[in-house]
>>> print(open('structure-v3.cif').read())   # mmCIF, C-alpha atoms
data_my_file
#
loop_
_atom_site.group_PDB
_atom_site.id
_atom_site.type_symbol
_atom_site.label_atom_id
_atom_site.label_comp_id
_atom_site.auth_asym_id
_atom_site.auth_seq_id
_atom_site.Cartn_x
_atom_site.Cartn_y
_atom_site.Cartn_z
ATOM 1 C CA MET A 1 117.391 35.225 78.338
ATOM 2 C CA THR A 2 117.866 32.019 80.332
ATOM 3 C CA SER A 3 121.169 30.204 79.844
ATOM 4 C CA PRO A 4 121.011 26.986 77.766
ATOM 5 C CA GLU A 5 122.191 24.902 80.740
ATOM 6 C CA LYS A 6 119.427 26.236 83.001
ATOM 7 C CA ARG A 7 116.828 25.748 80.286
ATOM 8 C CA LEU A 8 117.954 22.142 79.784
ATOM 9 C CA GLU A 9 117.567 21.554 83.521
ATOM 10 C CA GLU A 10 114.024 22.912 83.322
ATOM 11 C CA LEU A 11 113.263 20.539 80.447
ATOM 12 C CA LYS A 12 114.639 17.603 82.453
ATOM 13 C CA ALA A 13 112.095 18.369 85.177
ATOM 14 C CA ARG A 14 109.213 18.139 82.696
ATOM 15 C CA PRO A 15 107.551 14.888 81.565
ATOM 16 C CA SER A 16 109.634 13.419 78.766
ATOM 17 C CA GLY A 17 106.613 13.240 76.446
ATOM 18 C CA GLN A 18 105.605 16.876 76.893
ATOM 19 C CA VAL A 19 105.494 18.729 73.570
ATOM 20 C CA VAL A 20 107.914 21.660 73.404
ATOM 21 C CA ILE A 21 107.820 22.480 69.678
ATOM 22 C CA ALA A 22 105.103 21.533 67.193
ATOM 23 C CA ARG A 23 104.633 22.007 63.496
ATOM 24 C CA PRO A 24 102.322 24.981 62.860
ATOM 25 C CA GLY A 25 98.838 23.716 62.083
ATOM 26 C CA SER A 26 99.374 20.297 63.645
ATOM 27 C CA TRP A 27 96.587 18.675 65.673
ATOM 28 C CA TYR A 28 98.671 17.602 68.619
ATOM 29 C CA ARG A 29 96.562 19.622 71.102
ATOM 30 C CA TRP A 30 93.437 17.736 70.053
ATOM 31 C CA ILE A 31 95.385 14.514 70.370
ATOM 32 C CA TYR A 32 96.152 15.411 73.973
ATOM 33 C CA VAL A 33 92.472 16.115 74.547
ATOM 34 C CA ALA A 34 91.661 12.649 73.171
ATOM 35 C CA LYS A 35 94.320 11.114 75.396
ATOM 36 C CA ALA A 36 92.886 12.869 78.457
ATOM 37 C CA LEU A 37 89.356 11.732 77.583
ATOM 38 C CA GLY A 38 90.618 8.188 77.120
ATOM 39 C CA THR A 39 92.293 8.238 80.524
ATOM 40 C CA ILE A 40 89.138 9.599 82.173
ATOM 41 C CA ALA A 41 86.965 6.983 80.454
ATOM 42 C CA LEU A 42 89.354 4.222 81.528
ATOM 43 C CA ALA A 43 89.309 5.358 85.156
ATOM 44 C CA LEU A 44 85.558 5.922 85.231
ATOM 45 C CA GLY A 45 84.840 2.570 83.588
ATOM 46 C CA THR A 46 87.073 0.787 86.090
ATOM 47 C CA VAL A 47 85.288 2.428 89.021
ATOM 48 C CA VAL A 48 81.861 1.555 87.614
ATOM 49 C CA ALA A 49 82.884 -2.055 86.994
ATOM 50 C CA VAL A 50 84.247 -2.404 90.535
ATOM 51 C CA LEU A 51 81.039 -0.981 91.992
ATOM 52 C CA GLY A 52 79.051 -3.432 89.877
ATOM 53 C CA ILE A 53 81.134 -6.351 91.120
ATOM 54 C CA LEU A 54 80.528 -5.234 94.713
ATOM 55 C CA ALA A 55 76.784 -4.819 94.090
ATOM 56 C CA LEU A 56 76.293 -8.351 92.724
ATOM 57 C CA PRO A 57 76.951 -10.339 95.937
ATOM 58 C CA LEU A 58 74.889 -7.846 97.930
ATOM 59 C CA GLY A 59 71.981 -8.418 95.569
ATOM 60 C CA PHE A 60 72.374 -12.199 95.814
ATOM 61 C CA LEU A 61 72.383 -12.035 99.618
ATOM 62 C CA ALA A 62 69.357 -9.773 99.668
ATOM 63 C CA ALA A 63 67.389 -12.072 97.376
ATOM 64 C CA GLY A 64 68.453 -15.281 99.067
ATOM 65 C CA THR A 65 68.084 -17.322 95.892
ATOM 66 C CA ASN A 66 70.213 -18.956 93.238
ATOM 67 C CA PRO A 67 72.390 -16.286 91.553
ATOM 68 C CA LEU A 68 71.798 -17.831 88.129
ATOM 69 C CA GLU A 69 68.042 -17.604 88.602
ATOM 70 C CA LEU A 70 68.382 -13.928 89.517
ATOM 71 C CA LEU A 71 70.547 -13.122 86.548
ATOM 72 C CA PHE A 72 68.614 -15.305 84.097
ATOM 73 C CA PRO A 73 65.046 -15.727 85.433
ATOM 74 C CA GLY A 74 63.880 -17.289 82.159
ATOM 75 C CA MET A 75 65.939 -20.434 82.716
ATOM 76 C CA ASP A 76 63.486 -21.650 85.376
ATOM 77 C CA GLU A 77 59.885 -21.658 84.138
ATOM 78 C CA THR A 78 58.515 -21.787 87.695
ATOM 79 C CA ASN A 79 60.400 -18.674 88.728
ATOM 80 C CA ASN A 80 58.033 -15.723 88.480
ATOM 81 C CA GLU A 81 59.890 -13.455 90.883
ATOM 82 C CA PRO A 82 61.379 -10.314 89.345
ATOM 83 C CA THR A 83 65.135 -10.028 89.276
ATOM 84 C CA ASN A 84 66.522 -8.106 92.256
ATOM 85 C CA TRP A 85 67.189 -4.510 91.164
ATOM 86 C CA LEU A 86 70.589 -4.485 92.872
ATOM 87 C CA VAL A 87 71.672 -7.523 90.876
ATOM 88 C CA GLN A 88 70.441 -5.966 87.653
ATOM 89 C CA ALA A 89 72.248 -2.717 88.393
ATOM 90 C CA GLY A 90 75.396 -4.611 89.309
ATOM 91 C CA GLY A 91 75.305 -6.634 86.087
ATOM 92 C CA TRP A 92 74.801 -3.568 83.934
ATOM 93 C CA ALA A 93 77.536 -1.744 85.829
ATOM 94 C CA VAL A 94 80.030 -4.564 85.292
ATOM 95 C CA PHE A 95 79.424 -4.883 81.561
ATOM 96 C CA GLY A 96 79.060 -1.148 81.020
ATOM 97 C CA GLY A 97 82.162 -0.377 83.071
ATOM 98 C CA LEU A 98 84.221 -2.945 81.175
ATOM 99 C CA GLY A 99 83.050 -1.520 77.853
ATOM 100 C CA LEU A 100 83.848 2.039 78.929
ATOM 101 C CA SER A 101 87.260 0.950 80.193
ATOM 102 C CA LEU A 102 88.087 -0.800 76.932
ATOM 103 C CA ALA A 103 86.990 2.232 74.923
ATOM 104 C CA GLY A 104 89.076 4.534 77.117
ATOM 105 C CA TYR A 105 92.076 2.222 76.880
ATOM 106 C CA GLY A 106 91.814 2.143 73.089
ATOM 107 C CA LEU A 107 91.432 5.924 72.799
ATOM 108 C CA ASP A 108 94.351 6.530 75.139
ATOM 109 C CA GLY A 109 96.564 4.072 73.257
ATOM 110 C CA ALA A 110 95.666 5.464 69.834
ATOM 111 C CA ALA A 111 96.376 9.010 71.010
ATOM 112 C CA GLY A 112 99.702 7.909 72.482
ATOM 113 C CA VAL A 113 100.766 6.389 69.170
ATOM 114 C CA LYS A 114 99.703 9.514 67.279
ATOM 115 C CA ILE A 115 101.634 11.815 69.636
ATOM 116 C CA ALA A 116 104.889 10.036 68.860
ATOM 117 C CA GLY A 117 104.995 11.468 65.358
ATOM 118 C CA PRO A 118 107.223 13.651 63.186
ATOM 119 C CA ASP A 119 105.244 16.841 63.843
ATOM 120 C CA ILE A 120 106.537 17.500 67.357
ATOM 121 C CA VAL A 121 109.665 17.770 69.461
ATOM 122 C CA THR A 122 109.307 16.635 73.074
ATOM 123 C CA ALA A 123 111.223 17.605 76.190
ATOM 124 C CA GLY A 124 112.778 14.142 76.371
ATOM 125 C CA GLU A 125 114.039 14.356 72.798
ATOM 126 C CA ILE A 126 115.798 17.637 73.505
ATOM 127 C CA VAL A 127 117.291 16.472 76.793
ATOM 128 C CA ASN A 128 118.594 13.212 75.292
ATOM 129 C CA ALA A 129 119.924 14.849 72.124
ATOM 130 C CA PRO A 130 123.629 15.574 71.573
ATOM 131 C CA THR A 131 124.649 18.754 73.384
ATOM 132 C CA ARG A 132 125.827 20.455 70.197
ATOM 133 C CA LEU A 133 122.268 20.244 68.858
ATOM 134 C CA ALA A 134 120.304 20.659 72.098
ATOM 135 C CA ARG A 135 122.014 23.857 73.317
ATOM 136 C CA PRO A 136 121.283 25.983 70.234
ATOM 137 C CA LEU A 137 117.707 24.716 70.079
ATOM 138 C CA VAL A 138 116.924 25.778 73.647
ATOM 139 C CA ARG A 139 118.474 29.182 72.876
ATOM 140 C CA ALA A 140 116.102 29.406 69.918
ATOM 141 C CA LEU A 141 113.204 28.513 72.208
ATOM 142 C CA ASP A 142 114.049 31.423 74.520
ATOM 143 C CA ALA A 143 114.436 33.796 71.577
ATOM 144 C CA ALA A 144 111.099 32.755 70.090
ATOM 145 C CA GLU A 145 109.337 33.221 73.432
ATOM 146 C CA ALA A 146 110.931 36.654 73.823
ATOM 147 C CA ILE A 147 109.716 37.706 70.373
ATOM 148 C CA ARG A 148 106.186 36.370 70.961
ATOM 149 C CA GLY A 149 105.899 38.142 74.301
ATOM 150 C CA SER A 150 107.296 41.463 73.108
ATOM 151 C CA ALA A 151 105.199 44.611 73.040
ATOM 152 C CA ALA A 152 106.236 45.118 69.425
ATOM 153 C CA VAL A 153 104.464 41.919 68.389
ATOM 154 C CA ARG A 154 101.558 42.076 70.830
ATOM 155 C CA GLU A 155 100.661 45.652 69.884
ATOM 156 C CA GLY A 156 101.001 45.077 66.164
ATOM 157 C CA TRP A 157 104.156 47.088 65.518
ATOM 158 C CA LEU A 158 105.712 44.031 63.896
ATOM 159 C CA THR A 159 103.386 42.060 61.625
ATOM 160 C CA GLY A 160 103.702 39.021 59.392
ATOM 161 C CA ILE A 161 106.348 37.434 61.622
ATOM 162 C CA ASP A 162 105.593 33.727 61.978
ATOM 163 C CA VAL A 163 107.902 32.815 64.843
ATOM 164 C CA ASP A 164 106.402 29.332 65.141
ATOM 165 C CA ALA A 165 107.234 28.560 61.506
ATOM 166 C CA ALA A 166 110.813 29.760 61.991
ATOM 167 C CA LEU A 167 111.187 27.691 65.142
ATOM 168 C CA TRP A 168 109.741 24.612 63.449
ATOM 169 C CA ASN A 169 112.270 25.012 60.622
ATOM 170 C CA LEU A 170 115.046 24.791 63.221
ATOM 171 C CA ALA A 171 113.278 21.841 64.849
ATOM 172 C CA GLN A 172 113.286 19.981 61.523
ATOM 173 C CA GLN A 173 117.042 20.496 61.274
ATOM 174 C CA PHE A 174 117.358 19.351 64.885
ATOM 175 C CA ASN A 175 115.319 16.177 64.311
ATOM 176 C CA ALA A 176 117.248 15.306 61.173
ATOM 177 C CA GLY A 177 120.576 15.890 62.914
ATOM 178 C CA VAL A 178 119.628 13.802 65.946
ATOM 179 C CA HIS A 179 118.426 10.931 63.748
ATOM 180 C CA LEU A 180 121.573 10.988 61.606
ATOM 181 C CA ASP A 181 123.804 11.177 64.678
ATOM 182 C CA GLY A 182 122.049 8.133 66.160
ATOM 183 C CA GLU A 183 122.477 6.152 62.963
ATOM 184 C CA LEU A 184 126.132 7.133 62.843
ATOM 185 C CA ARG A 185 126.722 5.942 66.400
ATOM 186 C CA THR A 186 125.074 2.625 65.550
ATOM 187 C CA VAL A 187 127.415 2.201 62.597
ATOM 188 C CA TYR A 188 130.405 2.953 64.828
ATOM 189 C CA GLU A 189 129.318 0.201 67.238
ATOM 190 C CA GLN A 190 128.754 -2.351 64.461
ATOM 191 C CA VAL A 191 131.941 -1.599 62.555
ATOM 192 C CA ALA A 192 134.215 -1.576 65.601
ATOM 193 C CA GLY A 193 136.199 -4.824 65.675
ATOM 194 C CA ALA A 194 134.251 -6.376 62.801
ATOM 195 C CA SER A 195 135.652 -7.687 59.554
ATOM 196 C CA VAL A 196 133.625 -5.645 57.072
ATOM 197 C CA PRO A 197 134.393 -3.813 53.841
ATOM 198 C CA ASP A 198 135.688 -0.276 54.110
ATOM 199 C CA PHE A 199 132.713 2.099 54.477
ATOM 200 C CA ARG A 200 134.931 5.035 55.347
ATOM 201 C CA GLU A 201 133.605 7.160 52.490
ATOM 202 C CA GLN A 202 129.970 6.779 53.576
ATOM 203 C CA ILE A 203 130.862 7.377 57.221
ATOM 204 C CA ASP A 204 132.837 10.504 56.356
ATOM 205 C CA ALA A 205 129.898 11.812 54.315
ATOM 206 C CA ALA A 206 127.526 11.164 57.236
ATOM 207 C CA GLU A 207 129.883 12.928 59.677
ATOM 208 C CA ALA A 208 130.079 15.914 57.345
ATOM 209 C CA ALA A 209 126.285 15.985 57.064
ATOM 210 C CA VAL A 210 125.918 15.992 60.869
ATOM 211 C CA LEU A 211 128.379 18.869 61.164
ATOM 212 C CA SER A 212 126.597 20.775 58.409
ATOM 213 C CA CYS A 213 123.216 20.228 60.076
ATOM 214 C CA THR A 214 124.628 21.344 63.427
ATOM 215 C CA GLU A 215 126.039 24.476 61.835
ATOM 216 C CA ARG A 216 122.698 25.308 60.225
ATOM 217 C CA VAL A 217 120.955 24.955 63.590
ATOM 218 C CA ARG A 218 123.538 27.242 65.200
ATOM 219 C CA GLU A 219 123.320 29.842 62.459
ATOM 220 C CA GLY A 220 119.528 29.812 62.464
ATOM 221 C CA THR A 221 119.467 30.114 66.231
ATOM 222 C CA GLN A 222 121.872 33.041 66.138
ATOM 223 C CA ARG A 223 119.722 34.852 63.599
ATOM 224 C CA LEU A 224 116.650 34.323 65.794
ATOM 225 C CA VAL A 225 118.589 35.520 68.866
ATOM 226 C CA ASP A 226 119.733 38.628 66.976
ATOM 227 C CA ILE A 227 116.141 39.388 66.015
ATOM 228 C CA ALA A 228 115.042 38.890 69.631
ATOM 229 C CA ASP A 229 117.716 41.361 70.770
ATOM 230 C CA ARG A 230 116.573 43.944 68.239
ATOM 231 C CA VAL A 231 112.949 43.415 69.250
ATOM 232 C CA ALA A 232 113.918 43.898 72.899
ATOM 233 C CA GLY A 233 115.646 47.171 71.938
ATOM 234 C CA PHE A 234 112.518 48.277 70.089
ATOM 235 C CA ASP A 235 110.442 47.447 73.164
ATOM 236 C CA ARG A 236 112.675 49.745 75.210
ATOM 237 C CA GLU A 237 111.974 52.529 72.721
ATOM 238 C CA LEU A 238 108.247 51.884 73.008
ATOM 239 C CA ALA A 239 108.555 52.169 76.797
ATOM 240 C CA GLU A 240 109.608 55.831 76.418
ATOM 241 C CA PRO A 241 106.462 58.003 76.070
ATOM 242 C CA VAL A 242 108.048 60.589 73.779
ATOM 243 C CA ARG A 243 109.539 58.004 71.453
ATOM 244 C CA ARG A 244 106.293 55.991 71.426
ATOM 245 C CA ALA A 245 104.388 59.135 70.425
ATOM 246 C CA GLU A 246 106.817 59.738 67.546
ATOM 247 C CA LEU A 247 106.571 56.131 66.375
ATOM 248 C CA THR A 248 102.777 56.164 66.667
ATOM 249 C CA LYS A 249 102.575 59.310 64.578
ATOM 250 C CA GLU A 250 104.894 57.845 61.955
ATOM 251 C CA ARG A 251 102.945 54.569 61.852
ATOM 252 C CA GLU A 252 99.661 56.429 61.394
ATOM 253 C CA ARG A 253 101.205 58.489 58.587
ATOM 254 C CA LYS A 254 102.473 55.346 56.821
ATOM 255 C CA THR A 255 99.131 53.613 57.307
ATOM 256 C CA ARG A 256 97.298 56.591 55.821
ATOM 257 C CA ARG A 257 99.669 56.760 52.836
ATOM 258 C CA THR A 258 99.346 53.009 52.286
ATOM 259 C CA ARG A 259 95.558 53.221 52.295
ATOM 260 C CA GLU A 260 95.646 56.112 49.830
ATOM 261 C CA GLN A 261 98.010 54.216 47.559
ATOM 262 C CA VAL A 262 95.843 51.096 47.704
ATOM 263 C CA ALA A 263 92.802 53.211 46.824
ATOM 264 C CA LYS A 264 94.660 54.634 43.811
ATOM 265 C CA LEU A 265 95.723 51.149 42.796
ATOM 266 C CA THR A 266 92.131 49.916 42.990
ATOM 267 C CA ALA A 267 90.902 52.849 40.939
ATOM 268 C CA ALA A 268 93.589 52.259 38.301
ATOM 269 C CA ARG A 269 92.718 48.575 38.093
ATOM 270 C CA THR A 270 89.014 49.380 37.783
ATOM 271 C CA ALA A 271 89.768 51.852 34.987
ATOM 272 C CA VAL A 272 91.677 49.196 33.079
ATOM 273 C CA GLU A 273 88.920 46.623 33.526
ATOM 274 C CA ASN A 274 86.185 49.065 32.445
ATOM 275 C CA ILE A 275 87.710 49.968 29.056
ATOM 276 C CA GLU A 276 85.246 48.984 26.342
ATOM 277 C CA PRO A 277 86.641 46.522 23.785
ATOM 278 C CA VAL A 278 85.961 48.898 20.869
ATOM 279 C CA LEU A 279 88.942 47.742 18.846
ATOM 280 C CA ASP A 280 87.825 44.123 19.114
ATOM 281 C CA ASN A 281 84.344 45.056 17.964
ATOM 282 C CA VAL A 282 85.649 47.028 14.974
ATOM 283 C CA ALA A 283 88.042 44.231 14.029
ATOM 284 C CA ASP A 284 85.296 41.609 14.269
ATOM 285 C CA ILE A 285 82.900 43.663 12.114
ATOM 286 C CA ALA A 286 85.536 44.368 9.487
ATOM 287 C CA ALA A 287 86.697 40.752 9.416
ATOM 288 C CA GLY A 288 83.111 39.527 9.034
ATOM 289 C CA GLN A 289 82.414 41.830 6.111
ATOM 290 C CA LEU A 290 85.699 40.991 4.385
ATOM 291 C CA ASP A 291 84.988 37.280 4.820
ATOM 292 C CA ALA A 292 81.570 37.769 3.245
ATOM 293 C CA TYR A 293 83.062 39.575 0.247
ATOM 294 C CA GLY A 294 85.665 36.904 -0.055
ATOM 295 C CA GLU A 295 82.989 34.258 -0.468
ATOM 296 C CA LEU A 296 81.427 35.980 -3.513
ATOM 297 C CA PRO A 297 82.159 34.383 -6.896
ATOM 298 C CA LYS A 298 85.058 36.007 -8.647
ATOM 299 C CA ILE A 299 84.844 37.146 -12.323
ATOM 300 C CA LYS A 300 87.410 35.450 -14.471
ATOM 301 C CA LYS A 301 89.479 37.692 -16.661
ATOM 302 C CA ILE A 302 89.361 36.934 -20.432
#
>>> encode(input="structure-v3.cif", output="structure tokens")
Amino acid sequence: MTSPEKRLEELKARPSGQVVIARPGSWYRWIYVAKALGTIALALGTVVAVLGILALPLGFLAAGTNPLELLFPGMDETNNEPTNWLVQAGGWAVFGGLGLSLAGYGLDGAAGVKIAGPDIVTAGEIVNAPTRLARPLVRALDAAEAIRGSAAVREGWLTGIDVDAALWNLAQQFNAGVHLDGELRTVYEQVAGASVPDFREQIDAAEAAVLSCTERVREGTQRLVDIADRVAGFDRELAEPVRRAELTKERERKTRRTREQVAKLTAARTAVENIEPVLDNVADIAAGQLDAYGELPKIKKI
């Protein structure tokens, strides 16, 4: 896998807002689509408005009349000449282009605000994070990519492994650690040289929390790296034809046994569900008759 230093250099070369890790199920891709559409609408609207502005004077020159009369022919009752088509097109282009530009600007801005949310980790956030948190996270990125791209996962040998969820769990620890570290640095700057009460206990607790968070990120990364190494070893086994044939045969045998067991389980469940409630019926009948006898008048003993 790529060294953490080299991977950090690659992230530095990317746009700072580029999403590197996202919460599974988040809509950030659609947000990027909206942002792209907003940018296109803004550019297209600007071009249309500029063309409209250029068309207006040409229409005025071609008509050779008062521009206000061309734009608003109803203001002069004696003016029965139709408005020059170039002027009309220019006017519509200006207003339409401005409207499209404003809509694109609003869509682009709204998407930009939505992107900067808690459901993602960007390249800039990783690059600007403390090294003790950034290095293990980029190692986890490489490990996750190695697992996703492995033959064991692609060919279905390993199933039910949600690498994205595992990576996002590390990203949550990373985000929390970066935020706490930033708040701690701010406190250091404010407390230095100031006459304030002793907050040493709170600062010590925050420092311990940062160290604990960093350790959790490191441990989680190491577990993911260990899994990636084992998956790579399994891929090497799959690359050997004889070993692949053995594994394929064993997988087919296990699949067949699992299907047979599931069929037996289904049959056993069906048998339980199909048992007639005879005991309930007998108990209900007996209880009904006994209740009826119990309601009869009793003979008093003399």
>>> atom_distance(input="structure-v3.cif", atom1="CA of Ala208 (chain A)", atom2="CA of Arg185 (chain A)")
13.9 Å
>>> resolve_selection(input="structure-v3.cif", expression="the PyMOL selection byres ((chain A and resi 220) around 10)", output="list in words")
Pro136, Leu137, Ala140, Ala166, Leu167, Asn169, Leu170, Gln173, Thr214, Glu215, Arg216, Val217, Arg218, Glu219, Thr221, Gln222, Arg223, Leu224, Val225 and Asp226 of chain A
>>> atom_distance(input="structure-v3.cif", atom1="CA of Asn175 (chain A)", atom2="CA of Thr122 (chain A)")
10.6 Å
>>> resolve_selection(input="structure-v3.cif", expression="the PyMOL selection byres ((chain A and resi 230-238) around 8)", output="ChimeraX atom specification")
/A:146-147,150-152,226-229,239-241,243-244
>>> write_last_selection(input="structure-v3.cif", atoms="C-alpha atoms", output="PDB file, in the coordinates of the input")
ATOM      1  CA  ALA A 146     110.931  36.654  73.823  1.00  0.00           C
ATOM      2  CA  ILE A 147     109.716  37.706  70.373  1.00  0.00           C
ATOM      3  CA  SER A 150     107.296  41.463  73.108  1.00  0.00           C
ATOM      4  CA  ALA A 151     105.199  44.611  73.040  1.00  0.00           C
ATOM      5  CA  ALA A 152     106.236  45.118  69.425  1.00  0.00           C
ATOM      6  CA  ASP A 226     119.733  38.628  66.976  1.00  0.00           C
ATOM      7  CA  ILE A 227     116.141  39.388  66.015  1.00  0.00           C
ATOM      8  CA  ALA A 228     115.042  38.890  69.631  1.00  0.00           C
ATOM      9  CA  ASP A 229     117.716  41.361  70.770  1.00  0.00           C
ATOM     10  CA  ALA A 239     108.555  52.169  76.797  1.00  0.00           C
ATOM     11  CA  GLU A 240     109.608  55.831  76.418  1.00  0.00           C
ATOM     12  CA  PRO A 241     106.462  58.003  76.070  1.00  0.00           C
ATOM     13  CA  ARG A 243     109.539  58.004  71.453  1.00  0.00           C
ATOM     14  CA  ARG A 244     106.293  55.991  71.426  1.00  0.00           C
TER      15      ARG A 244
END
>>> closest_residue(input="structure-v3.cif", among="A:Arg139, A:Arg132, A:Arg251, A:Arg257", to="Lys6 (chain A)", atoms="only C-alpha atoms")
A:Arg139
>>> atom_distance(input="structure-v3.cif", atom1="CA of Gly156 (chain A)", atom2="CA of Thr2 (chain A)")
25.6 Å
>>> residues_around(input="structure-v3.cif", residues="region 197-207 of chain A", least_positions_apart="2", cutoff="8 Å", atoms="only C-alpha atoms", output="PyMOL selection string")
chain A and resi 180+184+195+209-211
>>> resolve_selection(input="structure-v3.cif", expression="the PyMOL selection byres ((chain A and resi 50) around 12)", output="short mmCIF file (atom, residue, chain, number, x, y, z; two decimals) with C-alpha atoms, keeping the file's coordinate frame")
data_model
loop_
_atom_site.label_atom_id
_atom_site.label_comp_id
_atom_site.auth_asym_id
_atom_site.auth_seq_id
_atom_site.Cartn_x
_atom_site.Cartn_y
_atom_site.Cartn_z
CA ALA A 43 89.31 5.36 85.16
CA LEU A 44 85.56 5.92 85.23
CA GLY A 45 84.84 2.57 83.59
CA THR A 46 87.07 0.79 86.09
CA VAL A 47 85.29 2.43 89.02
CA VAL A 48 81.86 1.56 87.61
CA ALA A 49 82.88 -2.06 86.99
CA LEU A 51 81.04 -0.98 91.99
CA GLY A 52 79.05 -3.43 89.88
CA ILE A 53 81.13 -6.35 91.12
CA LEU A 54 80.53 -5.23 94.71
CA ALA A 55 76.78 -4.82 94.09
CA LEU A 56 76.29 -8.35 92.72
CA GLY A 90 75.40 -4.61 89.31
CA GLY A 91 75.31 -6.63 86.09
CA TRP A 92 74.80 -3.57 83.93
CA ALA A 93 77.54 -1.74 85.83
CA VAL A 94 80.03 -4.56 85.29
CA PHE A 95 79.42 -4.88 81.56
CA GLY A 96 79.06 -1.15 81.02
CA GLY A 97 82.16 -0.38 83.07
CA LEU A 98 84.22 -2.94 81.18
CA SER A 101 87.26 0.95 80.19
#
>>> axis_aligned_box(input="structure-v3.cif", around="region 139-157 of chain A", padding_each_side="6 Å", output="JSON")
{"center_x": 109.6, "center_y": 37.8, "center_z": 70.0, "size_x": 29.8, "size_y": 30.6, "size_z": 21.0}
>>> closest_residue(input="structure-v3.cif", among="A:Gly17, A:Gly104, A:Gly99, A:Pro24", to="Val121 (chain A)", atoms="all atoms listed in the file")
A:Gly17
>>> closest_residue(input="structure-v3.cif", among="A:Pro277, A:Gly38, A:Pro130, A:Pro297", to="Asp181 (chain A)", atoms="all atoms listed in the file")
A:Pro130
>>> residues_around(input="structure-v3.cif", residues="Tyr105 (chain A)", least_positions_apart="5", cutoff="9 Å", atoms="only C-alpha atoms", output="VMD selection string")
chain A and resid 38 to 39 41 to 42 100 110
>>> build_atoms(input="structure-v3.cif", residues="region 170-182 of chain A", atoms="N, CA, C and O atoms", output="PDB file, in the frame of the given file")
ATOM      1  N   LEU A 170     113.886  25.219  62.438  1.00  0.00           N
ATOM      2  CA  LEU A 170     115.046  24.791  63.221  1.00  0.00           C
ATOM      3  C   LEU A 170     114.819  23.407  63.821  1.00  0.00           C
ATOM      4  O   LEU A 170     115.736  22.585  63.882  1.00  0.00           O
ATOM      5  N   ALA A 171     113.580  23.149  64.259  1.00  0.00           N
ATOM      6  CA  ALA A 171     113.278  21.841  64.849  1.00  0.00           C
ATOM      7  C   ALA A 171     113.435  20.725  63.828  1.00  0.00           C
ATOM      8  O   ALA A 171     113.876  19.614  64.171  1.00  0.00           O
ATOM      9  N   GLN A 172     113.092  20.989  62.569  1.00  0.00           N
ATOM     10  CA  GLN A 172     113.286  19.981  61.523  1.00  0.00           C
ATOM     11  C   GLN A 172     114.771  19.661  61.354  1.00  0.00           C
ATOM     12  O   GLN A 172     115.162  18.497  61.215  1.00  0.00           O
ATOM     13  N   GLN A 173     115.597  20.716  61.360  1.00  0.00           N
ATOM     14  CA  GLN A 173     117.042  20.496  61.274  1.00  0.00           C
ATOM     15  C   GLN A 173     117.535  19.714  62.486  1.00  0.00           C
ATOM     16  O   GLN A 173     118.366  18.800  62.371  1.00  0.00           O
ATOM     17  N   PHE A 174     116.993  20.042  63.644  1.00  0.00           N
ATOM     18  CA  PHE A 174     117.358  19.351  64.885  1.00  0.00           C
ATOM     19  C   PHE A 174     116.991  17.872  64.805  1.00  0.00           C
ATOM     20  O   PHE A 174     117.817  16.995  65.108  1.00  0.00           O
ATOM     21  N   ASN A 175     115.757  17.579  64.403  1.00  0.00           N
ATOM     22  CA  ASN A 175     115.319  16.177  64.311  1.00  0.00           C
ATOM     23  C   ASN A 175     116.174  15.386  63.327  1.00  0.00           C
ATOM     24  O   ASN A 175     116.572  14.249  63.606  1.00  0.00           O
ATOM     25  N   ALA A 176     116.440  15.999  62.176  1.00  0.00           N
ATOM     26  CA  ALA A 176     117.248  15.306  61.173  1.00  0.00           C
ATOM     27  C   ALA A 176     118.663  15.054  61.688  1.00  0.00           C
ATOM     28  O   ALA A 176     119.232  13.969  61.490  1.00  0.00           O
ATOM     29  N   GLY A 177     119.230  16.053  62.377  1.00  0.00           N
ATOM     30  CA  GLY A 177     120.576  15.890  62.914  1.00  0.00           C
ATOM     31  C   GLY A 177     120.649  14.832  63.999  1.00  0.00           C
ATOM     32  O   GLY A 177     121.594  14.028  64.033  1.00  0.00           O
ATOM     33  N   VAL A 178     119.650  14.808  64.880  1.00  0.00           N
ATOM     34  CA  VAL A 178     119.628  13.802  65.946  1.00  0.00           C
ATOM     35  C   VAL A 178     119.499  12.397  65.361  1.00  0.00           C
ATOM     36  O   VAL A 178     120.186  11.458  65.794  1.00  0.00           O
ATOM     37  N   HIS A 179     118.619  12.248  64.374  1.00  0.00           N
ATOM     38  CA  HIS A 179     118.426  10.931  63.748  1.00  0.00           C
ATOM     39  C   HIS A 179     119.713  10.462  63.064  1.00  0.00           C
ATOM     40  O   HIS A 179     120.123   9.303  63.217  1.00  0.00           O
ATOM     41  N   LEU A 180     120.344  11.356  62.310  1.00  0.00           N
ATOM     42  CA  LEU A 180     121.573  10.988  61.606  1.00  0.00           C
ATOM     43  C   LEU A 180     122.696  10.675  62.588  1.00  0.00           C
ATOM     44  O   LEU A 180     123.461   9.722  62.385  1.00  0.00           O
ATOM     45  N   ASP A 181     122.773  11.440  63.667  1.00  0.00           N
ATOM     46  CA  ASP A 181     123.804  11.177  64.678  1.00  0.00           C
ATOM     47  C   ASP A 181     123.598   9.806  65.319  1.00  0.00           C
ATOM     48  O   ASP A 181     124.561   9.065  65.559  1.00  0.00           O
ATOM     49  N   GLY A 182     122.324   9.452  65.586  1.00  0.00           N
ATOM     50  CA  GLY A 182     122.049   8.133  66.160  1.00  0.00           C
ATOM     51  C   GLY A 182     122.411   7.010  65.225  1.00  0.00           C
ATOM     52  O   GLY A 182     122.992   5.984  65.647  1.00  0.00           O
TER      53      GLY A 182
END
